[in-house]
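Shown next: data-v1.pdb, given as PDB, C-alpha atoms.
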ATOM      1  CA  MET A   1      -0.042  22.134  -1.313
ATOM      2  CA  SER A   2       0.498  23.595  -4.712
ATOM      3  CA  ASP A   3      -2.209  23.828  -7.315
ATOM      4  CA  GLU A   4      -0.329  21.278  -9.349
ATOM      5  CA  LYS A   5      -0.883  18.644  -6.737
ATOM      6  CA  GLU A   6      -4.442  19.581  -5.916
ATOM      7  CA  GLY A   7      -7.265  17.662  -7.422
ATOM      8  CA  ASN A   8      -5.055  15.609  -9.645
ATOM      9  CA  PHE A   9      -5.843  12.237  -8.161
ATOM     10  CA  GLN A  10      -8.542  11.687 -10.758
ATOM     11  CA  ASP A  11      -6.103  12.776 -13.449
ATOM     12  CA  TYR A  12      -3.550  10.399 -12.016
ATOM     13  CA  LEU A  13      -6.000   7.510 -12.085
ATOM     14  CA  GLU A  14      -7.003   8.535 -15.580
ATOM     15  CA  THR A  15      -3.380   8.442 -16.655
ATOM     16  CA  GLU A  16      -2.871   5.086 -15.026
ATOM     17  CA  SER A  17      -6.050   3.853 -16.669
ATOM     18  CA  GLY A  18      -4.634   4.845 -20.018
ATOM     19  CA  LYS A  19      -1.671   2.620 -19.328
ATOM     20  CA  VAL A  20      -3.515  -0.597 -18.570
ATOM     21  CA  THR A  21      -1.962  -2.314 -21.524
ATOM     22  CA  GLU A  22       1.452  -1.482 -20.086
ATOM     23  CA  VAL A  23       0.485  -3.104 -16.812
ATOM     24  CA  TRP A  24      -1.327  -5.993 -18.483
ATOM     25  CA  PRO A  25       0.253  -6.315 -21.943
ATOM     26  CA  SER A  26      -1.941  -9.292 -22.815
ATOM     27  CA  LEU A  27      -4.985  -7.025 -22.687
ATOM     28  CA  SER A  28      -4.026  -5.378 -25.977
ATOM     29  CA  ASN A  29      -6.822  -5.837 -28.509
ATOM     30  CA  HIS A  30      -8.753  -7.920 -25.997
ATOM     31  CA  PHE A  31     -10.542  -5.313 -23.928
ATOM     32  CA  ARG A  32     -12.933  -2.397 -24.034
ATOM     33  CA  ARG A  33     -13.045   0.330 -21.416
ATOM     34  CA  THR A  34     -16.508   0.666 -19.863
ATOM     35  CA  SER A  35     -16.178   3.255 -17.067
ATOM     36  CA  ASP A  36     -14.222   6.123 -15.580
ATOM     37  CA  PRO A  37     -11.802   5.513 -12.704
ATOM     38  CA  ASP A  38     -13.606   5.294  -9.376
ATOM     39  CA  ILE A  39     -12.433   4.210  -5.937
ATOM     40  CA  GLU A  40     -15.911   3.883  -4.439
ATOM     41  CA  TYR A  41     -16.082   0.210  -5.425
ATOM     42  CA  ASN A  42     -13.581  -2.529  -6.083
ATOM     43  CA  ALA A  43     -13.239  -5.692  -8.125
ATOM     44  CA  LEU A  44     -15.061  -7.898  -5.631
ATOM     45  CA  ALA A  45     -18.020  -5.523  -5.421
ATOM     46  CA  TRP A  46     -18.152  -5.256  -9.212
ATOM     47  CA  ALA A  47     -18.049  -9.043  -9.613
ATOM     48  CA  LEU A  48     -21.060  -9.163  -7.290
ATOM     49  CA  GLY A  49     -22.819  -6.499  -9.338
ATOM     50  CA  SER A  50     -22.306  -3.424  -7.115
ATOM     51  CA  ASN A  51     -20.636  -0.137  -7.930
ATOM     52  CA  GLN A  52     -21.537   1.364  -4.569
ATOM     53  CA  ARG A  53     -19.463  -0.645  -2.139
ATOM     54  CA  ASN A  54     -15.842  -1.408  -1.545
ATOM     55  CA  PHE A  55     -15.550  -4.921  -0.149
ATOM     56  CA  ALA A  56     -12.677  -5.588   2.236
ATOM     57  CA  PRO A  57     -12.296  -8.103   5.044
ATOM     58  CA  GLU A  58     -10.447  -5.561   7.200
ATOM     59  CA  LYS A  59     -12.696  -4.141   9.914
ATOM     60  CA  ILE A  60     -12.519  -0.492   8.889
ATOM     61  CA  ALA A  61     -15.676   1.636   8.791
ATOM     62  CA  GLY A  62     -16.529   2.539   5.211
ATOM     63  CA  TYR A  63     -15.533  -0.787   3.734
ATOM     64  CA  TYR A  64     -18.095  -3.510   3.459
ATOM     65  CA  TRP A  65     -17.963  -7.133   4.408
ATOM     66  CA  GLU A  66     -20.819  -9.595   4.604
ATOM     67  CA  PRO A  67     -21.939 -10.286   8.184
ATOM     68  CA  GLY A  68     -20.991 -13.728   9.380
ATOM     69  CA  ILE A  69     -18.259 -14.276   6.793
ATOM     70  CA  PRO A  70     -14.766 -14.601   8.324
ATOM     71  CA  ARG A  71     -12.818 -11.356   8.005
ATOM     72  CA  GLU A  72      -9.751 -12.836   6.394
ATOM     73  CA  PRO A  73      -8.093 -12.600   2.985
ATOM     74  CA  THR A  74      -8.457 -16.303   2.259
ATOM     75  CA  ILE A  75     -10.041 -18.249  -0.561
ATOM     76  CA  ILE A  76     -12.215 -20.080   1.991
ATOM     77  CA  ALA A  77     -13.745 -16.850   3.303
ATOM     78  CA  HIS A  78     -14.327 -15.610  -0.241
ATOM     79  CA  LEU A  79     -15.963 -18.867  -1.299
ATOM     80  CA  GLN A  80     -18.363 -18.424   1.612
ATOM     81  CA  LEU A  81     -19.054 -14.881   0.513
ATOM     82  CA  PHE A  82     -19.828 -15.938  -3.048
ATOM     83  CA  LYS A  83     -21.981 -18.763  -1.747
ATOM     84  CA  ARG A  84     -23.999 -16.123   0.109
ATOM     85  CA  HIS A  85     -24.636 -14.637  -3.343
ATOM     86  CA  ARG A  86     -25.760 -17.993  -4.756
ATOM     87  CA  TYR A  87     -22.496 -18.856  -6.480
ATOM     88  CA  GLU A  88     -22.496 -22.347  -5.103
ATOM     89  CA  ILE A  89     -21.356 -24.487  -7.998
ATOM     90  CA  GLU A  90     -17.797 -24.720  -9.232
ATOM     91  CA  ALA A  91     -17.588 -24.498 -13.000
ATOM     92  CA  LYS A  92     -15.300 -26.681 -15.071
ATOM     93  CA  ASP A  93     -13.999 -23.704 -17.042
ATOM     94  CA  GLY A  94     -14.765 -20.194 -18.198
ATOM     95  CA  ARG A  95     -16.733 -21.114 -21.309
ATOM     96  CA  LEU A  96     -20.159 -19.552 -21.692
ATOM     97  CA  GLU A  97     -22.960 -21.824 -20.552
ATOM     98  CA  GLU A  98     -26.493 -20.844 -21.378
ATOM     99  CA  GLY A  99     -28.427 -19.692 -18.338
ATOM    100  CA  TRP A 100     -25.417 -19.532 -16.029
ATOM    101  CA  GLU A 101     -23.462 -16.573 -14.721
ATOM    102  CA  LYS A 102     -19.862 -17.217 -13.759
ATOM    103  CA  VAL A 103     -17.305 -15.425 -11.602
ATOM    104  CA  ALA A 104     -13.569 -16.099 -11.591
ATOM    105  CA  ILE A 105     -11.428 -15.726  -8.481
ATOM    106  CA  PHE A 106      -7.778 -14.837  -8.992
ATOM    107  CA  VAL A 107      -5.330 -15.603  -6.181
ATOM    108  CA  ASN A 108      -1.644 -14.922  -5.663
ATOM    109  CA  ALA A 109       1.064 -17.423  -4.794
ATOM    110  CA  GLU A 110       0.113 -17.154  -1.122
ATOM    111  CA  GLY A 111      -3.465 -18.091  -1.919
ATOM    112  CA  GLU A 112      -4.839 -14.607  -1.197
ATOM    113  CA  PRO A 113      -7.670 -13.493  -3.485
ATOM    114  CA  ARG A 114      -6.478 -10.553  -5.613
ATOM    115  CA  HIS A 115      -9.046 -10.112  -8.344
ATOM    116  CA  PHE A 116     -12.513 -11.125  -9.450
ATOM    117  CA  ALA A 117     -14.146 -11.115 -12.873
ATOM    118  CA  ARG A 118     -17.767 -11.722 -13.854
ATOM    119  CA  GLN A 119     -18.902 -13.281 -17.085
ATOM    120  CA  LEU A 120     -21.317 -11.338 -19.256
ATOM    121  CA  GLU A 121     -24.123 -12.853 -21.276
ATOM    122  CA  ASN A 122     -22.067 -12.514 -24.454
ATOM    123  CA  GLY A 123     -19.353 -14.720 -22.996
ATOM    124  CA  ASN A 124     -16.934 -11.872 -22.379
ATOM    125  CA  TRP A 125     -15.857 -10.886 -18.875
ATOM    126  CA  THR A 126     -16.158  -7.656 -16.928
ATOM    127  CA  SER A 127     -13.571  -6.524 -14.388
ATOM    128  CA  LYS A 128     -12.940  -3.531 -12.170
ATOM    129  CA  LEU A 129      -9.192  -2.949 -12.271
ATOM    130  CA  ILE A 130      -8.292  -2.046  -8.679
ATOM    131  CA  ASP A 131      -9.082   1.717  -8.248
ATOM    132  CA  LEU A 132      -8.990   2.256 -11.978
ATOM    133  CA  ILE A 133     -11.535   1.552 -14.690
ATOM    134  CA  ASP A 134     -14.030  -1.176 -15.530
ATOM    135  CA  ILE A 135     -13.251  -3.147 -18.623
ATOM    136  CA  GLU A 136     -14.884  -5.801 -20.757
ATOM    137  CA  HIS A 137     -12.326  -8.405 -21.769
ATOM    138  CA  ASP A 138     -12.715 -11.457 -23.907
ATOM    139  CA  ASN A 139     -10.723 -13.881 -21.803
ATOM    140  CA  LEU A 140      -9.346 -14.393 -18.306
ATOM    141  CA  ASP A 141      -5.761 -15.084 -19.334
ATOM    142  CA  CYS A 142      -5.098 -11.449 -20.191
ATOM    143  CA  LEU A 143      -5.293 -10.361 -16.538
ATOM    144  CA  GLN A 144      -3.331 -13.227 -15.087
ATOM    145  CA  GLY A 145       0.148 -12.508 -13.822
ATOM    146  CA  GLU A 146       2.165 -11.386 -10.843
ATOM    147  CA  LEU A 147      -0.019  -8.395 -10.026
ATOM    148  CA  LEU A 148      -3.453  -9.989  -9.841
ATOM    149  CA  GLY A 149      -2.446 -13.634  -9.565
ATOM    150  CA  HIS A 150      -3.983 -16.533 -11.432
ATOM    151  CA  VAL A 151      -7.466 -17.952 -11.707
ATOM    152  CA  ASN A 152      -7.972 -20.278  -8.802
ATOM    153  CA  CYS A 153     -11.571 -21.217  -9.355
ATOM    154  CA  ILE A 154     -14.658 -20.285 -11.318
ATOM    155  CA  LEU A 155     -18.047 -20.362  -9.647
ATOM    156  CA  MET A 156     -21.448 -20.136 -11.254
ATOM    157  CA  ARG A 157     -25.063 -19.440 -10.449
ATOM    158  CA  ARG A 158     -28.279 -19.449 -12.437
ATOM    159  CA  ARG A 159     -28.908 -16.211 -14.285
ATOM    160  CA  PRO A 160     -32.174 -14.606 -13.278
ATOM    161  CA  LEU A 161     -34.930 -15.247 -15.820
ATOM    162  CA  LYS A 162     -35.523 -12.261 -18.026
ATOM    163  CA  HIS A 163     -38.890 -10.549 -17.815
ATOM    164  CA  GLY A 164     -41.287 -12.303 -20.191
ATOM    165  CA  ALA A 165     -39.016 -15.298 -20.647
TER
ATOM    166  CA  MET J   1      -1.744  47.569  12.667
ATOM    167  CA  PRO J   2       1.178  46.453  10.553
ATOM    168  CA  ARG J   3       0.644  46.697   6.878
ATOM    169  CA  GLU J   4       0.763  43.481   4.916
ATOM    170  CA  ALA J   5       2.791  42.644   1.896
ATOM    171  CA  THR J   6       3.462  39.426   0.111
ATOM    172  CA  CYS J   7       6.766  38.218  -1.239
ATOM    173  CA  ARG J   8       7.306  35.033  -3.115
ATOM    174  CA  VAL J   9      10.636  33.379  -2.388
ATOM    175  CA  PHE J  10      11.463  30.960  -5.136
ATOM    176  CA  ASP J  11      14.843  29.787  -3.988
ATOM    177  CA  PHE J  12      13.945  28.324  -0.635
ATOM    178  CA  PRO J  13      15.684  24.942  -0.749
ATOM    179  CA  LYS J  14      13.633  22.040   0.523
ATOM    180  CA  SER J  15      16.552  20.835   2.593
ATOM    181  CA  GLU J  16      16.819  24.110   4.535
ATOM    182  CA  THR J  17      14.673  25.080   7.452
ATOM    183  CA  SER J  18      15.783  28.702   7.708
ATOM    184  CA  LYS J  19      17.446  31.214   5.486
ATOM    185  CA  GLU J  20      18.737  34.783   5.524
ATOM    186  CA  SER J  21      18.361  37.161   2.666
ATOM    187  CA  VAL J  22      19.217  40.762   2.103
ATOM    188  CA  TYR J  23      16.606  42.633   0.125
ATOM    189  CA  SER J  24      17.636  45.820  -1.555
ATOM    190  CA  ASP J  25      15.573  48.834  -2.490
ATOM    191  CA  GLU J  26      13.931  47.318  -5.506
ATOM    192  CA  ASN J  27      12.665  44.347  -3.615
ATOM    193  CA  LEU J  28      11.694  46.462  -0.670
ATOM    194  CA  TYR J  29       9.621  48.603  -2.919
ATOM    195  CA  HIS J  30       7.532  45.555  -3.702
ATOM    196  CA  MET J  31       7.462  44.309  -0.146
ATOM    197  CA  TYR J  32       6.652  47.680   1.371
ATOM    198  CA  PRO J  33       4.119  48.963  -1.098
ATOM    199  CA  ARG J  34       3.775  52.382   0.503
ATOM    200  CA  ASP J  35       6.047  54.578   2.633
ATOM    201  CA  TRP J  36       8.551  51.871   3.269
ATOM    202  CA  ARG J  37      11.142  54.452   4.242
ATOM    203  CA  THR J  38       9.177  55.302   7.372
ATOM    204  CA  HIS J  39      10.216  51.909   8.696
ATOM    205  CA  GLU J  40       6.788  51.192   9.985
ATOM    206  CA  LYS J  41       6.431  47.634  11.101
ATOM    207  CA  THR J  42       5.263  45.681   8.128
ATOM    208  CA  SER J  43       4.008  42.168   8.176
ATOM    209  CA  ILE J  44       5.378  40.269   5.246
ATOM    210  CA  ARG J  45       4.046  36.953   4.116
ATOM    211  CA  PHE J  46       6.595  34.806   2.379
ATOM    212  CA  PHE J  47       6.024  31.849   0.163
ATOM    213  CA  GLY J  48       8.949  29.522  -0.391
ATOM    214  CA  GLY J  49       8.596  27.009  -3.187
ATOM    215  CA  GLY J  50       4.857  27.512  -3.109
ATOM    216  CA  TYR J  51       4.595  27.083   0.657
ATOM    217  CA  PRO J  52       4.262  29.797   3.291
ATOM    218  CA  VAL J  53       7.281  30.399   5.473
ATOM    219  CA  SER J  54       7.344  32.450   8.614
ATOM    220  CA  VAL J  55       9.517  35.519   9.020
ATOM    221  CA  ILE J  56      11.709  35.572  12.089
ATOM    222  CA  GLU J  57      13.261  39.041  11.781
ATOM    223  CA  THR J  58      12.543  41.912   9.449
ATOM    224  CA  ASP J  59      13.602  45.176  11.061
ATOM    225  CA  SER J  60      17.379  45.168  10.730
ATOM    226  CA  THR J  61      17.842  47.966   8.282
ATOM    227  CA  LEU J  62      21.200  48.189   6.560
ATOM    228  CA  GLU J  63      22.680  51.292   4.976
ATOM    229  CA  TYR J  64      24.982  50.844   2.042
ATOM    230  CA  PRO J  65      27.735  53.374   1.206
ATOM    231  CA  SER J  66      25.846  54.155  -1.962
ATOM    232  CA  GLY J  67      23.047  55.517   0.197
ATOM    233  CA  LYS J  68      20.638  52.775  -0.673
ATOM    234  CA  SER J  69      18.861  50.921   2.074
ATOM    235  CA  ALA J  70      18.274  47.258   2.514
ATOM    236  CA  VAL J  71      16.715  45.087   5.108
ATOM    237  CA  LEU J  72      18.009  41.835   6.461
ATOM    238  CA  ILE J  73      15.293  39.317   6.620
ATOM    239  CA  THR J  74      15.579  35.974   8.327
ATOM    240  CA  TYR J  75      12.804  33.609   7.574
ATOM    241  CA  SER J  76      12.089  29.983   8.264
ATOM    242  CA  ARG J  77       9.812  27.315   7.099
ATOM    243  CA  SER J  78       7.220  26.986   9.843
ATOM    244  CA  ASP J  79       6.723  23.611  11.524
ATOM    245  CA  SER J  80       3.233  23.296  10.142
ATOM    246  CA  THR J  81       4.507  24.066   6.661
ATOM    247  CA  ALA J  82       7.226  21.459   6.991
ATOM    248  CA  ASP J  83       4.599  18.947   8.093
ATOM    249  CA  GLU J  84       2.387  19.831   5.158
ATOM    250  CA  GLU J  85       5.243  19.433   2.754
ATOM    251  CA  ARG J  86       6.337  16.141   4.273
ATOM    252  CA  PHE J  87       2.770  14.895   4.243
ATOM    253  CA  ALA J  88       2.290  15.897   0.600
ATOM    254  CA  GLY J  89       5.451  14.043  -0.387
ATOM    255  CA  LEU J  90       4.439  10.904   1.487
ATOM    256  CA  VAL J  91       0.980  10.985  -0.077
ATOM    257  CA  GLU J  92       2.349  11.226  -3.585
ATOM    258  CA  THR J  93       4.766   8.356  -2.949
ATOM    259  CA  TRP J  94       2.061   6.248  -1.361
ATOM    260  CA  ILE J  95      -0.325   6.778  -4.279
ATOM    261  CA  LYS J  96       2.328   5.880  -6.812
ATOM    262  CA  GLU J  97       3.402   2.794  -4.902
ATOM    263  CA  THR J  98      -0.057   1.429  -4.152
ATOM    264  CA  ALA J  99      -2.308   2.564  -6.996
ATOM    265  CA  LEU J 100      -2.056  -0.959  -8.383
ATOM    266  CA  GLU J 101      -2.387  -2.752  -5.042
ATOM    267  CA  PRO J 102      -5.826  -4.280  -4.461
ATOM    268  CA  SER J 103      -5.294  -5.254  -0.811
ATOM    269  CA  LEU J 104      -6.350  -2.652   1.753
ATOM    270  CA  SER J 105      -3.971  -4.141   4.322
ATOM    271  CA  LYS J 106      -1.020  -3.973   1.960
ATOM    272  CA  ARG J 107      -1.876  -0.423   0.961
ATOM    273  CA  SER J 108      -2.044   0.573   4.606
ATOM    274  CA  MET J 109       1.178  -1.168   5.535
ATOM    275  CA  ASN J 110       3.056   0.715   2.830
ATOM    276  CA  PRO J 111       6.019   2.553   4.443
ATOM    277  CA  SER J 112       4.830   6.007   3.315
ATOM    278  CA  TYR J 113       1.368   5.402   4.749
ATOM    279  CA  GLN J 114       2.905   4.185   7.998
ATOM    280  CA  ARG J 115       5.097   7.289   8.143
ATOM    281  CA  ILE J 116       1.977   9.425   7.853
ATOM    282  CA  ILE J 117       0.443   7.541  10.793
ATOM    283  CA  ALA J 118       3.707   7.983  12.693
ATOM    284  CA  MET J 119       3.309  11.769  12.390
ATOM    285  CA  GLY J 120       0.679  11.385  15.094
ATOM    286  CA  PRO J 121      -2.336  13.653  15.718
ATOM    287  CA  LYS J 122      -0.892  16.471  13.606
ATOM    288  CA  ALA J 123      -1.552  14.245  10.598
ATOM    289  CA  ILE J 124      -5.319  14.304  11.251
ATOM    290  CA  PRO J 125      -6.075  17.756   9.764
ATOM    291  CA  LEU J 126      -3.701  17.079   6.892
ATOM    292  CA  ILE J 127      -5.474  13.823   6.069
ATOM    293  CA  LEU J 128      -8.890  15.464   6.345
ATOM    294  CA  LYS J 129      -7.860  18.272   4.025
ATOM    295  CA  GLU J 130      -6.448  15.724   1.610
ATOM    296  CA  MET J 131      -9.709  13.798   1.791
ATOM    297  CA  GLN J 132     -11.631  17.005   1.181
ATOM    298  CA  ARG J 133      -9.699  17.490  -2.059
ATOM    299  CA  ARG J 134      -9.893  13.969  -3.358
ATOM    300  CA  PRO J 135     -11.148  10.579  -2.211
ATOM    301  CA  GLY J 136      -8.622   8.143  -0.847
ATOM    302  CA  HIS J 137      -8.115   5.206   1.455
ATOM    303  CA  TRP J 138      -7.574   7.178   4.653
ATOM    304  CA  PHE J 139      -9.942   5.579   7.138
ATOM    305  CA  TRP J 140      -7.381   3.078   8.404
ATOM    306  CA  ALA J 141      -5.019   5.903   9.374
ATOM    307  CA  LEU J 142      -7.763   8.077  10.860
ATOM    308  CA  GLU J 143      -9.126   5.244  12.993
ATOM    309  CA  PHE J 144      -5.655   4.637  14.329
ATOM    310  CA  LEU J 145      -4.944   8.309  14.982
ATOM    311  CA  ILE J 146      -8.098   9.117  16.953
ATOM    312  CA  GLN J 147      -7.254   6.255  19.306
ATOM    313  CA  ASP J 148      -9.993   5.980  21.949
ATOM    314  CA  GLU J 149     -12.364   8.539  20.502
ATOM    315  CA  PRO J 150     -15.608   7.233  19.009
ATOM    316  CA  ASN J 151     -15.266   6.528  15.306
ATOM    317  CA  PRO J 152     -17.440   9.091  13.482
ATOM    318  CA  ALA J 153     -17.849   6.706  10.542
ATOM    319  CA  GLU J 154     -18.903   3.756  12.678
ATOM    320  CA  GLY J 155     -21.571   1.777  10.875
ATOM    321  CA  CYS J 156     -20.849   3.296   7.455
ATOM    322  CA  GLU J 157     -20.743   0.612   4.786
ATOM    323  CA  ASP J 158     -19.604   2.708   1.853
ATOM    324  CA  LEU J 159     -16.630   4.978   1.271
ATOM    325  CA  LYS J 160     -18.655   8.036   0.362
ATOM    326  CA  GLY J 161     -20.697   7.876   3.571
ATOM    327  CA  ALA J 162     -17.589   7.329   5.675
ATOM    328  CA  ARG J 163     -15.794  10.226   4.000
ATOM    329  CA  GLU J 164     -18.716  12.549   4.689
ATOM    330  CA  ALA J 165     -18.848  11.417   8.327
ATOM    331  CA  TRP J 166     -15.139  12.047   8.816
ATOM    332  CA  LEU J 167     -15.266  15.482   7.187
ATOM    333  CA  LYS J 168     -18.243  16.481   9.316
ATOM    334  CA  TRP J 169     -16.353  15.315  12.396
ATOM    335  CA  GLY J 170     -13.297  17.272  11.260
ATOM    336  CA  GLU J 171     -15.357  20.441  10.954
ATOM    337  CA  SER J 172     -16.867  19.960  14.407
ATOM    338  CA  LYS J 173     -13.372  19.547  15.859
ATOM    339  CA  GLY J 174     -12.035  22.615  14.105
ATOM    340  CA  TYR J 175      -9.649  20.654  11.897
ATOM    341  CA  LEU J 176     -11.247  22.015   8.728
TER
END
Just give me the structure as structure tokens.
Amino acid sequence: MSDEKEGNFQDYLETESGKVTEVWPSLSNHFRRTSDPDIEYNALAWALGSNQRNFAPEKIAGYYWEPGIPREPTIIAHLQLFKRHRYEIEAKDGRLEEGWEKVAIFVNAEGEPRHFARQLENGNWTSKLIDLIDIEHDNLDCLQGELLGHVNCILMRRRPLKHGA
Amino acid sequence: MPREATCRVFDFPKSETSKESVYSDENLYHMYPRDWRTHEKTSIRFFGGGYPVSVIETDSTLEYPSGKSAVLITYSRSDSTADEERFAGLVETWIKETALEPSLSKRSMNPSYQRIIAMGPKAIPLILKEMQRRPGHWFWALEFLIQDEPNPAEGCEDLKGAREAWLKWGESKGYL
């Protein structure tokens, strides 16, 4: 393999990361980049607060899936997974509610979960874009489309009490 | 022991698997750094388009009327080199086609990825070397390719750990 091809995966991801507004035009002026590209974790892991694991229902060593949750790319299996993480209540919408942390599940036309976003305390959302970067975005609409699907449901759980609160 | 020389062949077309070239004195001077006129057997390493190619024949010396000498060299892209090149092309295509695909299954069912799996066991060292250079979603292919062998990454719940387990396994098997 030539030197040109060696070690350029990170550069490639970096380039792709620089083009996120081409992929998601609605992101323009509505997002802030918050990380470097990294394939060690994915959108589902990031929505659950981890940047160490890559969640996937496929039974392949290296990828993580919660024990006891059906290994299938369905909304039902993912709802069970989020329930395991205390996201048990379905929210009416994505508006900020004091004391609650929300996650949004995006699904495609076939009903397969494609993306996950987590709401921050300031009301904005944080997303890991596939193998690319993490971003903070101010709404969910800007990521909706053919690639990542549309928001199917928003779940919420109580935010942990802050120390001293 | 044959002496060694290196020659870079820039015009080796990707579509060709073998090629003949006549090298005249000037080129020979570079290929046979010392005493080339003694016709000692010299091992020449060729690189075509950045990839090594193997030399089939080097000792057919031609004499031109002008008195200059030349040597007819037939060289071919070795099988392993062709595999490496094919693999590299499939990898680049696969990355471009699936970099924006979140589903592991869909990434793995991509035609380029499936063609890499279809290369069979000879793809294993190529994948491991690729994984050594840069992280990637290769465990699906590796698990398929080792067939009944124990999975060295069994029990790993993160990509970094699995990658390390596979590379260690590759070293123990002599793939790396």
> J:Asn151, J:Thr93, J:Ser172, J:Gln114: which is nearest chain A, counting all atoms listed in the file?
Replying inline: J:Asn151
>> Under the rule that all atoms listed in the file are counted, which of J:Lys160, J:Lys96, J:Arg133, J:Lys106 is the nearest residue to Pro73 (chain A)?
In response: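 For Pro73 (chain A), the nearest of the candidates is J:Lys106.
Interatomic distance, CA of His78 (chain A) against CA of Pro113 (chain A): 7.7 Å.
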> Written as number ranges by chain, what is the full residue list that the ChimeraX specification (/A :<6) & /J yields on the file shown?
Replying inline: J: 102, 133, 153-154, 156-159, 162
>> Using only C-alpha atoms, which protein or nucleic acid residues come within 12 Å of Gly174 (chain J)? Drop anything in the same chain fewer than 6 positions from it, and give the result as a count of residues only.
In response: 6
> CA of Ile75 (chain A) and CA of Gly111 (chain A) are how many Å apart?
Replying inline: 6.7 Å
>> Starting from the PyMOL selection byres ((chain A and resi 154-163) around 9), expand the selection into actual residues of this file and give them as a PyMOL selection string.
In response: chain A and resi 79+82-83+85-94+98-105+151-153+164-165
>> Which residues are near Glu146 (chain A)? Cut-off 12 Å, only C-alpha atoms, ignore same chain within fewer than 6 positions. Put them as a ChimeraX atom specification.
In response: /A:23-24,106-110,114-115 /J:100-101
Please evaluate the PyMOL selection byres ((chain J and resi 146) around 12) against the displayed coordinates and give the resulting residues as a PDB file with C-alpha atoms, keeping the file's coordinate frame.
ATOM      1  CA  ILE J 117       0.443   7.541  10.793  1.00  0.00           C
ATOM      2  CA  GLY J 120       0.679  11.385  15.094  1.00  0.00           C
ATOM      3  CA  PRO J 121      -2.336  13.653  15.718  1.00  0.00           C
ATOM      4  CA  LYS J 122      -0.892  16.471  13.606  1.00  0.00           C
ATOM      5  CA  ALA J 123      -1.552  14.245  10.598  1.00  0.00           C
ATOM      6  CA  ILE J 124      -5.319  14.304  11.251  1.00  0.00           C
ATOM      7  CA  PRO J 125      -6.075  17.756   9.764  1.00  0.00           C
ATOM      8  CA  PHE J 139      -9.942   5.579   7.138  1.00  0.00           C
ATOM      9  CA  TRP J 140      -7.381   3.078   8.404  1.00  0.00           C
ATOM     10  CA  ALA J 141      -5.019   5.903   9.374  1.00  0.00           C
ATOM     11  CA  LEU J 142      -7.763   8.077  10.860  1.00  0.00           C
ATOM     12  CA  GLU J 143      -9.126   5.244  12.993  1.00  0.00           C
ATOM     13  CA  PHE J 144      -5.655   4.637  14.329  1.00  0.00           C
ATOM     14  CA  LEU J 145      -4.944   8.309  14.982  1.00  0.00           C
ATOM     15  CA  GLN J 147      -7.254   6.255  19.306  1.00  0.00           C
ATOM     16  CA  ASP J 148      -9.993   5.980  21.949  1.00  0.00           C
ATOM     17  CA  GLU J 149     -12.364   8.539  20.502  1.00  0.00           C
ATOM     18  CA  PRO J 150     -15.608   7.233  19.009  1.00  0.00           C
ATOM     19  CA  ASN J 151     -15.266   6.528  15.306  1.00  0.00           C
ATOM     20  CA  PRO J 152     -17.440   9.091  13.482  1.00  0.00           C
ATOM     21  CA  ALA J 153     -17.849   6.706  10.542  1.00  0.00           C
ATOM     22  CA  TRP J 166     -15.139  12.047   8.816  1.00  0.00           C
ATOM     23  CA  TRP J 169     -16.353  15.315  12.396  1.00  0.00           C
ATOM     24  CA  GLY J 170     -13.297  17.272  11.260  1.00  0.00           C
ATOM     25  CA  LYS J 173     -13.372  19.547  15.859  1.00  0.00           C
TER      26      LYS J 173
END
> Please, what distance in Å, to one decimal, runs between CA of Arg33 (chain A) and CA of Glu66 (chain A)?
Replying inline: 28.9 Å
> Closest to Gly136 (chain J) among J:Tyr175, J:Trp94, J:Pro111, J:Ala82, using only C-alpha atoms?
Replying inline: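 Ranking J:Tyr175, J:Trp94, J:Pro111, J:Ala82 by distance to Gly136 (chain J), first place goes to J:Trp94.
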Using only C-alpha atoms, which residues sit within 9 Å of Arg32 (chain A) once same-chain residues fewer than 5 positions away are excluded, as an mmCIF file with C-alpha atoms, in the frame of the given file?
data_model
loop_
_atom_site.group_PDB
_atom_site.id
_atom_site.type_symbol
_atom_site.label_atom_id
_atom_site.label_comp_id
_atom_site.auth_asym_id
_atom_site.auth_seq_id
_atom_site.Cartn_x
_atom_site.Cartn_y
_atom_site.Cartn_z
ATOM 1 C CA ASP A 134 -14.030 -1.176 -15.530
ATOM 2 C CA ILE A 135 -13.251 -3.147 -18.623
ATOM 3 C CA GLU A 136 -14.884 -5.801 -20.757
ATOM 4 C CA HIS A 137 -12.326 -8.405 -21.769
#
> From the list J:Trp138, J:Leu176, J:Asp83, J:Ile116, which residue is nearest Leu104 (chain J) when using only C-alpha atoms?
Replying inline: J:Trp138
